[in-house]
Amino acid sequence: MSESLDFVLARQRARWYKLIPHPVQLKLIRAVDDGIRFPVVPAGRRSGKTERAKRFLAKRAMYEPGKKFFAGAPTVNQAKKIWWTDLKELTFSVLHLKKPSETELIIFLPNGSEIHIIGFDQPQRFEGIPWDGGIIDEVADVKEQAVIENILPALNTFNPTRPDYRAWCWFIGVPEGLGHYKDMSDRGYSGHPDDKDYKTFHWISADILPPDVIESAKRSMSLKQYKQEYEASFETAGGRIYDDYCNKNHRDIVVNPMEPLHWTHDQNFTPLSSAIAVMRENVPYFVDEIVLESAISRQSAEEFVDRYRDHKNKMVYIYGDPAGRAGEKHGHKSDYEDIEDVLRMHSWKFERRVKVKHPSIKNRQNSVRRKICNALGERTMFVNPFKAKWCNKGLETVQLKEGSSFQEDQSNQYQHITTAIGYFMDWHFPAGQIITKSGTTTGSAY
């Protein structure tokens with residue numbers, strides 16, 4: 001065996017490091033052998049559910065010859081990110097006679113078994129294969145229609161060569177609202193004869209993660225997000241998006257003429273809405289706003305320089321919608337360039353802080369929620385309700401679109417200014433980021 005092969009094999013063997021024993025997890029890995037076809041696993045973030053799943057699938061494939069297994073996720077890209085590298089290492093792919101297909105995402109084991117990586121953004125591709133078993137991660141984000149019309153029928157396909165065999169599947173992930181994943185979990189708890197194929201296995205992140213990580217997560221998330229992400233609780237989706245916002249987030253703070261300003265935008269909507277904040281000891285205070293009907297960005301900038309003509313510190317940081325860059329690649333003036341032209345003409349210095357891509361709506365909302373009130377009850381974002389009336393009204397009233405767990409009701413005219421606030425928060429305090437004693441980590445790790 002060559003030195004390079006020895007090195008790779010040693011690395012792949014090291015991938016089987018020791019896990020923290022957990023009684024529910026140990027029951028889970030026996031579930032299929034105990035006759036449970038569909039273990040449902042709503043468990044906390046970074047608590048070992050996906051690692052247990054990877055090892056279970058790898059062992060099954062290595063010890064059961066001639067079988068077809070799958071590892072899935074909502075999209076192909078997600079599935080590859082979650083499963084591909086780890087499953088190759090856990091199955092010692094360096095020793096496989098037939099190398100894994102990097103294009104088709106199939107691992108070919110020496111015993112004739114295969115592991116296919118599946119994305120359910122094209123669920124019809126799951127059909128037509130006599131599956132023996134597999135695992136779907138982030139199942140709450142798989143479309144319910146795909147579960148009902150593609151996944152379950154494929155798993156229930158009768159195989160005449162094995163008339164008594166029924167394919168199994170772990171459904172794992174963090175809860176998301178009260179949708180089909182909640183229905184699966186309820187079936188796993190019901191004990192009804194019709195639900196005998198289902199059983200739910202639940203544990204929280206605090207059972208596995210160190211106390212300082214849990215403490216940091218609580219500080220970095222709203223209570224609802226923490227309960228959903230780290231306690232795997234099915235939280236109601238509906239009503240106010242920022243339901244923790246209240247008069248405890250009110251402050252009568254006004255602008256000090258010597259401090260820099262932070263100006264955040266939601267472009268290309270009417271009313272054209274932007275919020276103005278100051279940062280004091282890393283705490284944002286929204287102290288003003290500019291809301292104009294049927295206006296363009298240049299007019300908003302003209303309003304800003306007029307309103308703050310006597311402000312001593314002529315430094316402003318600009319945040320907002322990445323779509324406001326439109327036209328820059330083709331030599332046309334963008335919304336931000338129009339704003340910057342006006343600022344420049346009036347002797348303002350500026351720094352544009354706009355990300356290349358939009359944050360996800362969920363992350364944008366959660367970055368605001370965690371500052372309104374985190375899971376420890378700490379409030380670190382404030383609004384002057386008299387000077388920033390639209391900011392206050394938006395945070396009080398903006399709701400979710402009916403039937404959605406994250407899409408915003410666009411009919412509320414205050415929605416645009418809360419979106420602007422979200423862009424600012426996502427720049428400074430991105431959702432899921434937690435600070436531990438050992439450095440920065442994220443709450444969305446698998």
# chains A, B, ... in the order shown; residues from 1 in each chain; ligands from 1
call {"tool": "residues_around", "arguments": {"residues": "Lys357 in chain A", "least_positions_apart": "5", "cutoff": "10 Å", "atoms": "only C-alpha atoms", "output": "list in words"}}
result
Asp321, Pro322 and Ala323 of chain A
call {"tool": "select_by_dssp", "arguments": {"residues": "range 177-320 of chain A", "states": "alpha helix (DSSP H)", "output": "PyMOL selection string"}}
result
chain A and resi 180-190+211-220+223-230+297-307
call {"tool": "select_by_dssp", "arguments": {"residues": "range 36-194 of chain A", "states": "strand (DSSP E or B)", "output": "PyMOL selection string"}}
result
chain A and resi 38-43+68-73+101+106-108+114-119+133-136+168-173
call {"tool": "closest_residue", "arguments": {"among": "A:Ile172, A:Ala154, A:Leu105, A:Ala73", "to": "Lys49 in chain A", "atoms": "only C-alpha atoms"}}
result
A:Ile172
call {"tool": "closest_residue", "arguments": {"among": "A:Leu292, A:Gly35, A:Ile29, A:Leu9", "to": "Lys88 in chain A", "atoms": "only C-alpha atoms"}}
result
A:Leu9
call {"tool": "closest_residue", "arguments": {"among": "A:Tyr226, A:Phe269, A:Phe201, A:Tyr317", "to": "Ser294 in chain A", "atoms": "only C-alpha atoms"}}
result
A:Phe269
call {"tool": "closest_residue", "arguments": {"among": "A:Val305, A:Ile117, A:Gln365, A:Ala206", "to": "Thr103 in chain A", "atoms": "only C-alpha atoms"}}
result
A:Ile117
call {"tool": "closest_residue", "arguments": {"among": "A:Asn366, A:Asn247, A:Thr270, A:Asn384", "to": "Gln413 in chain A", "atoms": "only C-alpha atoms"}}
result
A:Thr270
call {"tool": "closest_residue", "arguments": {"among": "A:Ser216, A:Ser273, A:Asn77, A:Gln25", "to": "Ile417 in chain A", "atoms": "only C-alpha atoms"}}
result
A:Ser273
call {"tool": "residues_around", "arguments": {"residues": "range 59-61 of chain A", "least_positions_apart": "2", "cutoff": "8 Å", "atoms": "only C-alpha atoms", "output": "PyMOL selection string"}}
result
chain A and resi 55-57+63-65+67-69+91+109+113-115
call {"tool": "residues_around", "arguments": {"residues": "Gly320 in chain A", "least_positions_apart": "5", "cutoff": "10 Å", "atoms": "only C-alpha atoms", "output": "JSON, numbers by chain"}}
result
{"A": [263, 264, 265, 266, 267, 274, 275, 325, 336, 352, 353, 354, 355, 358, 419, 420, 421, 422, 423, 424, 426, 427]}
call {"tool": "write_last_selection", "arguments": {"atoms": "N, CA and C atoms", "output": "PDB file, in the first residue's frame"}}
result
ATOM      1  N   TRP A 263     -27.325  54.280   7.861  1.00  0.00           N
ATOM      2  CA  TRP A 263     -28.527  54.533   7.065  1.00  0.00           C
ATOM      3  C   TRP A 263     -28.825  53.291   6.235  1.00  0.00           C
ATOM      4  N   THR A 264     -29.987  52.667   6.453  1.00  0.00           N
ATOM      5  CA  THR A 264     -30.289  51.390   5.810  1.00  0.00           C
ATOM      6  C   THR A 264     -31.564  51.478   4.977  1.00  0.00           C
ATOM      7  N   HIS A 265     -31.574  50.802   3.814  1.00  0.00           N
ATOM      8  CA  HIS A 265     -32.580  51.013   2.774  1.00  0.00           C
ATOM      9  C   HIS A 265     -33.244  49.705   2.327  1.00  0.00           C
ATOM     10  N   ASP A 266     -34.486  49.850   1.877  1.00  0.00           N
ATOM     11  CA  ASP A 266     -35.122  48.820   1.053  1.00  0.00           C
ATOM     12  C   ASP A 266     -35.506  49.508  -0.248  1.00  0.00           C
ATOM     13  N   GLN A 267     -34.809  49.155  -1.323  1.00  0.00           N
ATOM     14  CA  GLN A 267     -34.934  49.900  -2.581  1.00  0.00           C
ATOM     15  C   GLN A 267     -36.111  49.428  -3.427  1.00  0.00           C
ATOM     16  N   SER A 274     -36.381  54.086   4.434  1.00  0.00           N
ATOM     17  CA  SER A 274     -35.039  53.897   4.976  1.00  0.00           C
ATOM     18  C   SER A 274     -35.035  54.311   6.436  1.00  0.00           C
ATOM     19  N   ALA A 275     -34.170  53.656   7.201  1.00  0.00           N
ATOM     20  CA  ALA A 275     -34.082  53.912   8.636  1.00  0.00           C
ATOM     21  C   ALA A 275     -32.687  54.406   8.983  1.00  0.00           C
ATOM     22  N   ARG A 325     -27.967  47.710  -6.379  1.00  0.00           N
ATOM     23  CA  ARG A 325     -26.769  47.806  -7.230  1.00  0.00           C
ATOM     24  C   ARG A 325     -27.090  47.718  -8.720  1.00  0.00           C
ATOM     25  N   TYR A 336     -27.612  53.135  -5.303  1.00  0.00           N
ATOM     26  CA  TYR A 336     -26.588  53.512  -4.333  1.00  0.00           C
ATOM     27  C   TYR A 336     -25.664  54.589  -4.884  1.00  0.00           C
ATOM     28  N   ARG A 352     -20.161  52.083   1.797  1.00  0.00           N
ATOM     29  CA  ARG A 352     -21.276  51.221   1.434  1.00  0.00           C
ATOM     30  C   ARG A 352     -21.071  49.834   2.055  1.00  0.00           C
ATOM     31  N   ARG A 353     -22.062  49.378   2.793  1.00  0.00           N
ATOM     32  CA  ARG A 353     -22.021  48.063   3.438  1.00  0.00           C
ATOM     33  C   ARG A 353     -23.217  47.237   2.957  1.00  0.00           C
ATOM     34  N   VAL A 354     -23.136  46.811   1.722  1.00  0.00           N
ATOM     35  CA  VAL A 354     -24.220  46.060   1.093  1.00  0.00           C
ATOM     36  C   VAL A 354     -23.655  44.734   0.608  1.00  0.00           C
ATOM     37  N   LYS A 355     -24.234  43.649   1.019  1.00  0.00           N
ATOM     38  CA  LYS A 355     -23.738  42.334   0.623  1.00  0.00           C
ATOM     39  C   LYS A 355     -24.002  42.071  -0.849  1.00  0.00           C
ATOM     40  N   HIS A 358     -28.581  38.674  -1.435  1.00  0.00           N
ATOM     41  CA  HIS A 358     -29.576  38.845  -0.381  1.00  0.00           C
ATOM     42  C   HIS A 358     -29.396  37.771   0.691  1.00  0.00           C
ATOM     43  N   THR A 419     -37.819  45.484   6.509  1.00  0.00           N
ATOM     44  CA  THR A 419     -36.842  44.812   5.642  1.00  0.00           C
ATOM     45  C   THR A 419     -35.529  45.579   5.644  1.00  0.00           C
ATOM     46  N   ALA A 420     -35.616  46.910   5.581  1.00  0.00           N
ATOM     47  CA  ALA A 420     -34.404  47.739   5.647  1.00  0.00           C
ATOM     48  C   ALA A 420     -33.659  47.507   6.963  1.00  0.00           C
ATOM     49  N   ILE A 421     -34.396  47.455   8.062  1.00  0.00           N
ATOM     50  CA  ILE A 421     -33.779  47.170   9.361  1.00  0.00           C
ATOM     51  C   ILE A 421     -33.081  45.815   9.319  1.00  0.00           C
ATOM     52  N   GLY A 422     -33.708  44.856   8.649  1.00  0.00           N
ATOM     53  CA  GLY A 422     -33.140  43.516   8.544  1.00  0.00           C
ATOM     54  C   GLY A 422     -31.811  43.490   7.818  1.00  0.00           C
ATOM     55  N   TYR A 423     -31.656  44.302   6.769  1.00  0.00           N
ATOM     56  CA  TYR A 423     -30.382  44.345   6.051  1.00  0.00           C
ATOM     57  C   TYR A 423     -29.266  44.874   6.959  1.00  0.00           C
ATOM     58  N   PHE A 424     -29.576  45.877   7.750  1.00  0.00           N
ATOM     59  CA  PHE A 424     -28.599  46.421   8.699  1.00  0.00           C
ATOM     60  C   PHE A 424     -28.198  45.345   9.721  1.00  0.00           C
ATOM     61  N   ASP A 426     -28.486  42.099   9.494  1.00  0.00           N
ATOM     62  CA  ASP A 426     -27.781  40.971   8.883  1.00  0.00           C
ATOM     63  C   ASP A 426     -26.312  41.308   8.648  1.00  0.00           C
ATOM     64  N   TRP A 427     -25.999  42.570   8.417  1.00  0.00           N
ATOM     65  CA  TRP A 427     -24.595  42.956   8.234  1.00  0.00           C
ATOM     66  C   TRP A 427     -23.828  42.852   9.549  1.00  0.00           C
TER      67      TRP A 427
END
call {"tool": "closest_atom_pairs", "arguments": {"of": "range 107-216 of chain A", "to": "range 44-47 of chain A", "cutoff": "10 Å", "atoms": "only C-alpha atoms", "output": "Markdown table"}}
result
| residue | atom | partner | partner_atom | distance |
| --- | --- | --- | --- | --- |
| A:Gly173 | CA | A:Gly44 | CA | 8.1 |
| A:Val174 | CA | A:Gly44 | CA | 6.3 |
| A:Pro175 | CA | A:Gly44 | CA | 8.8 |
| A:His202 | CA | A:Gly44 | CA | 8.3 |
| A:Trp203 | CA | A:Gly44 | CA | 6.6 |
| A:Ile204 | CA | A:Gly44 | CA | 4.7 |
| A:Ser205 | CA | A:Gly44 | CA | 4.6 |
| A:Ala206 | CA | A:Ser47 | CA | 7.9 |
| A:Asp207 | CA | A:Ser47 | CA | 7.6 |
| A:Ile208 | CA | A:Ser47 | CA | 5.5 |
| A:Leu209 | CA | A:Ser47 | CA | 6.7 |
call {"tool": "closest_atom_pairs", "arguments": {"of": "range 140-229 of chain A", "to": "range 125-129 of chain A", "cutoff": "10 Å", "atoms": "only C-alpha atoms", "output": "CSV"}}
result
residue,atom,partner,partner_atom,distance
A:Ala146,CA,A:Phe126,CA,9.9
A:Asn150,CA,A:Glu127,CA,6.7
A:Ile151,CA,A:Phe126,CA,7.0
A:Leu152,CA,A:Glu127,CA,9.9
A:Pro153,CA,A:Glu127,CA,8.2
A:Ala154,CA,A:Glu127,CA,5.5
A:Leu155,CA,A:Glu127,CA,8.8
A:Thr157,CA,A:Gly128,CA,8.7
call {"tool": "write_last_selection", "arguments": {"atoms": "C-alpha atoms", "output": "PDB file, in the first residue's frame"}}
result
ATOM      1  CA  ALA A 146     -42.836  15.610  -2.739  1.00  0.00           C
ATOM      2  CA  ASN A 150     -42.965  10.854  -4.591  1.00  0.00           C
ATOM      3  CA  ILE A 151     -41.115   9.766  -1.460  1.00  0.00           C
ATOM      4  CA  LEU A 152     -43.675   7.654   0.416  1.00  0.00           C
ATOM      5  CA  PRO A 153     -45.005   5.925  -2.738  1.00  0.00           C
ATOM      6  CA  ALA A 154     -41.442   5.027  -3.761  1.00  0.00           C
ATOM      7  CA  LEU A 155     -40.708   3.610  -0.312  1.00  0.00           C
ATOM      8  CA  THR A 157     -43.283   0.120  -3.883  1.00  0.00           C
TER       9      THR A 157
END
call {"tool": "residues_around", "arguments": {"residues": "Cys391 in chain A", "least_positions_apart": "2", "cutoff": "9 Å", "atoms": "only C-alpha atoms", "output": "list in words"}}
result
Ala275, Phe286, Asp288, Glu289, Val383, Asn384, Pro385, Ala388, Lys389, Lys393, Gly394, Leu395, Glu396, Tyr414, Ile417, Thr418 and Ile421 of chain A
call {"tool": "residues_around", "arguments": {"residues": "Tyr308 in chain A", "least_positions_apart": "5", "cutoff": "9 Å", "atoms": "only C-alpha atoms", "output": "list in words"}}
result
Pro257, Glu303 and Lys314 of chain A
call {"tool": "residues_around", "arguments": {"residues": "Asn412 in chain A", "least_positions_apart": "4", "cutoff": "10 Å", "atoms": "only C-alpha atoms", "output": "list in words"}}
result
Gly394, Thr397, Val398, Gln399, Glu408 and His416 of chain A
call {"tool": "write_last_selection", "arguments": {"atoms": "N, CA and C atoms", "output": "mmCIF file, in the first residue's frame"}}
result
data_model
loop_
_atom_site.group_PDB
_atom_site.id
_atom_site.type_symbol
_atom_site.label_atom_id
_atom_site.label_comp_id
_atom_site.auth_asym_id
_atom_site.auth_seq_id
_atom_site.Cartn_x
_atom_site.Cartn_y
_atom_site.Cartn_z
ATOM 1 N N GLY A 394 -43.849 49.248 12.070
ATOM 2 C CA GLY A 394 -43.535 48.039 11.322
ATOM 3 C C GLY A 394 -43.202 46.870 12.236
ATOM 4 N N THR A 397 -46.376 45.548 13.796
ATOM 5 C CA THR A 397 -47.522 45.066 13.021
ATOM 6 C C THR A 397 -47.225 44.112 11.867
ATOM 7 N N VAL A 398 -45.995 44.089 11.354
ATOM 8 C CA VAL A 398 -45.729 43.257 10.169
ATOM 9 C C VAL A 398 -45.959 41.786 10.511
ATOM 10 N N GLN A 399 -46.709 41.107 9.630
ATOM 11 C CA GLN A 399 -47.086 39.726 9.885
ATOM 12 C C GLN A 399 -46.620 38.811 8.761
ATOM 13 N N GLU A 408 -43.375 37.355 4.115
ATOM 14 C CA GLU A 408 -43.984 38.493 4.782
ATOM 15 C C GLU A 408 -45.203 39.001 4.020
ATOM 16 N N HIS A 416 -41.663 47.357 4.336
ATOM 17 C CA HIS A 416 -40.415 47.723 3.663
ATOM 18 C C HIS A 416 -39.374 48.278 4.644
#
